[in-house]
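Engineer: Sharing a structure here in structure tokens format.
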Amino acid sequence: MKISFKKLDHIMLCIPEGKEEVAREFYTNILGLPELKDLGYPLPNGAIWFQMGDIQLHVRAEKNHSVSDRHPAFEVHNLAEARALLEKHNIEIKNESKIPDRNRLSFRDPFGNRIELIEMT
């Protein structure tokens with residue numbers, strides 16, 4: 001017997017309490033993600049949901065938020081364009097170690113969450 005996984009549904013990142021508007025500014029206005037509103041039901045625990053490709057990004061405040069290297073990694077169509085957008089907004093970019101079949105970078109959101117972007121080669 002095994003679990004039959006279908007697909008990744010969502011990623012949840014945590015932010016410090018009271019920073020919800022900063023999250024909306026970063027994820028909507030800088031990264032260009034549409035916020036999911038009017039779903040017909042209230043979102044749990046004050047979460048903010050965004051559409052990110054074919055998955056959702058859930059952001060929620062937590063009391064003891066800390067910085068970690070845990071991260072989601074998202075495949076993108078054009079890593080150079082993503083890099084240019086991040087640089088335009090003075091977001092520090094880390095070039096990740098080389099992997100033969102992909103180019104990748106990471107950055108941190110305003111709350112210290114690490115996000116990796118990958119372009120397959």
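We name chains A, B, ... following the order of the structure tokens; residues begin at 1 in each chain, and ligands are numbered from 1 as shown.
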Could you pull the residues within 10 Å of range 7-10 of chain A, counting only C-alpha atoms, minus those fewer than 6 positions along the same chain, as a list in words?

Structural biologist: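 Those residues are Trp49, Phe50, Gln51, Met52, Asp54, Ile55, Gln56, Leu57, His58 and Pro72 of chain A.
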
Engineer: Write a file of the selected residues as an mmCIF file, in the first residue's frame, keeping C-alpha atoms.

Structural biologist:
```
data_model
loop_
_atom_site.group_PDB
_atom_site.id
_atom_site.type_symbol
_atom_site.label_atom_id
_atom_site.label_comp_id
_atom_site.auth_asym_id
_atom_site.auth_seq_id
_atom_site.Cartn_x
_atom_site.Cartn_y
_atom_site.Cartn_z
ATOM 1 C CA TRP A 49 -3.852 33.213 -0.636
ATOM 2 C CA PHE A 50 -2.190 33.935 -3.979
ATOM 3 C CA GLN A 51 -2.255 32.051 -7.278
ATOM 4 C CA MET A 52 1.256 31.054 -8.398
ATOM 5 C CA ASP A 54 -0.847 26.002 -11.117
ATOM 6 C CA ILE A 55 -0.461 26.021 -7.315
ATOM 7 C CA GLN A 56 -1.376 28.386 -4.530
ATOM 8 C CA LEU A 57 0.872 30.283 -2.156
ATOM 9 C CA HIS A 58 -0.646 30.681 1.312
ATOM 10 C CA PRO A 72 9.695 26.229 -1.839
#
```

Engineer: Among chain A, which residues does DSSP mark as strand (DSSP E or B) when it is run on the backbone? Keep the chain and numbering as in the structure and answer as a PyMOL selection string.

Structural biologist: chain A and resi 10-16+35+48-52+55-62+73-75+93-95+99+102-108+114-120

Engineer: Output C-alpha atoms for every residue in that selection, as an mmCIF file, in the first residue's frame.

Structural biologist:
```
data_model
loop_
_atom_site.group_PDB
_atom_site.id
_atom_site.type_symbol
_atom_site.label_atom_id
_atom_site.label_comp_id
_atom_site.auth_asym_id
_atom_site.auth_seq_id
_atom_site.Cartn_x
_atom_site.Cartn_y
_atom_site.Cartn_z
ATOM 1 C CA HIS A 10 -0.047 24.872 -2.175
ATOM 2 C CA ILE A 11 2.942 26.182 -0.248
ATOM 3 C CA MET A 12 2.506 28.070 3.029
ATOM 4 C CA LEU A 13 4.999 30.699 4.138
ATOM 5 C CA CYS A 14 4.806 32.466 7.472
ATOM 6 C CA ILE A 15 5.219 36.143 8.217
ATOM 7 C CA PRO A 16 5.396 38.128 11.472
ATOM 8 C CA GLU A 35 -4.540 37.474 -4.557
ATOM 9 C CA ILE A 48 -3.775 35.407 2.467
ATOM 10 C CA TRP A 49 -3.852 33.213 -0.636
ATOM 11 C CA PHE A 50 -2.190 33.935 -3.979
ATOM 12 C CA GLN A 51 -2.255 32.051 -7.278
ATOM 13 C CA MET A 52 1.256 31.054 -8.398
ATOM 14 C CA ILE A 55 -0.461 26.021 -7.315
ATOM 15 C CA GLN A 56 -1.376 28.386 -4.530
ATOM 16 C CA LEU A 57 0.872 30.283 -2.156
ATOM 17 C CA HIS A 58 -0.646 30.681 1.312
ATOM 18 C CA VAL A 59 0.805 33.332 3.624
ATOM 19 C CA ARG A 60 -0.110 33.458 7.302
ATOM 20 C CA ALA A 61 1.129 35.416 10.308
ATOM 21 C CA GLU A 62 2.677 33.526 13.196
ATOM 22 C CA ALA A 73 11.276 25.997 -5.292
ATOM 23 C CA PHE A 74 9.318 27.115 -8.331
ATOM 24 C CA GLU A 75 10.121 26.346 -11.947
ATOM 25 C CA ILE A 93 19.710 37.393 -5.099
ATOM 26 C CA LYS A 94 21.766 34.352 -4.183
ATOM 27 C CA ASN A 95 23.162 32.266 -7.035
ATOM 28 C CA ILE A 99 23.006 21.389 -10.951
ATOM 29 C CA ARG A 102 18.872 23.530 -14.291
ATOM 30 C CA ASN A 103 19.789 27.124 -13.567
ATOM 31 C CA ARG A 104 18.645 28.484 -10.247
ATOM 32 C CA LEU A 105 18.672 31.384 -7.832
ATOM 33 C CA SER A 106 17.048 32.208 -4.541
ATOM 34 C CA PHE A 107 15.908 35.304 -2.716
ATOM 35 C CA ARG A 108 14.120 36.145 0.503
ATOM 36 C CA ARG A 114 13.662 31.787 1.190
ATOM 37 C CA ILE A 115 12.220 31.266 -2.297
ATOM 38 C CA GLU A 116 14.085 29.394 -5.041
ATOM 39 C CA LEU A 117 13.458 29.841 -8.762
ATOM 40 C CA ILE A 118 14.544 27.173 -11.251
ATOM 41 C CA GLU A 119 14.756 27.147 -15.040
ATOM 42 C CA MET A 120 15.314 23.734 -16.620
#
```

Engineer: Restricting the calculation to only C-alpha atoms: of A:Glu17, A:Glu81, A:Glu87, A:Lys6, which residue gets closest to Asn64 in chain A?

Structural biologist: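 The answer is A:Glu17, which sits nearest to Asn64 in chain A.
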
Engineer: How many Å separate CA of Gly40 in chain A from CA of His65 in chain A?

Structural biologist: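 Computing the Euclidean distance for CA of Gly40 in chain A and CA of His65 in chain A yields 29.3 Å.
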
Engineer: Calculated over only C-alpha atoms, which of the candidates A:Ala82, A:Ala47, A:Ala23, A:Met1 has the smallest distance to Phe111 in chain A?

Structural biologist: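 Residue with the minimum atom-to-atom distance to Phe111 in chain A: A:Ala23.
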
Engineer: Could you check how far CA of Val76 in chain A sits from CA of Gly32 in chain A, in Å to one decimal?

Structural biologist: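 Interatomic distance here is 13.5 Å.
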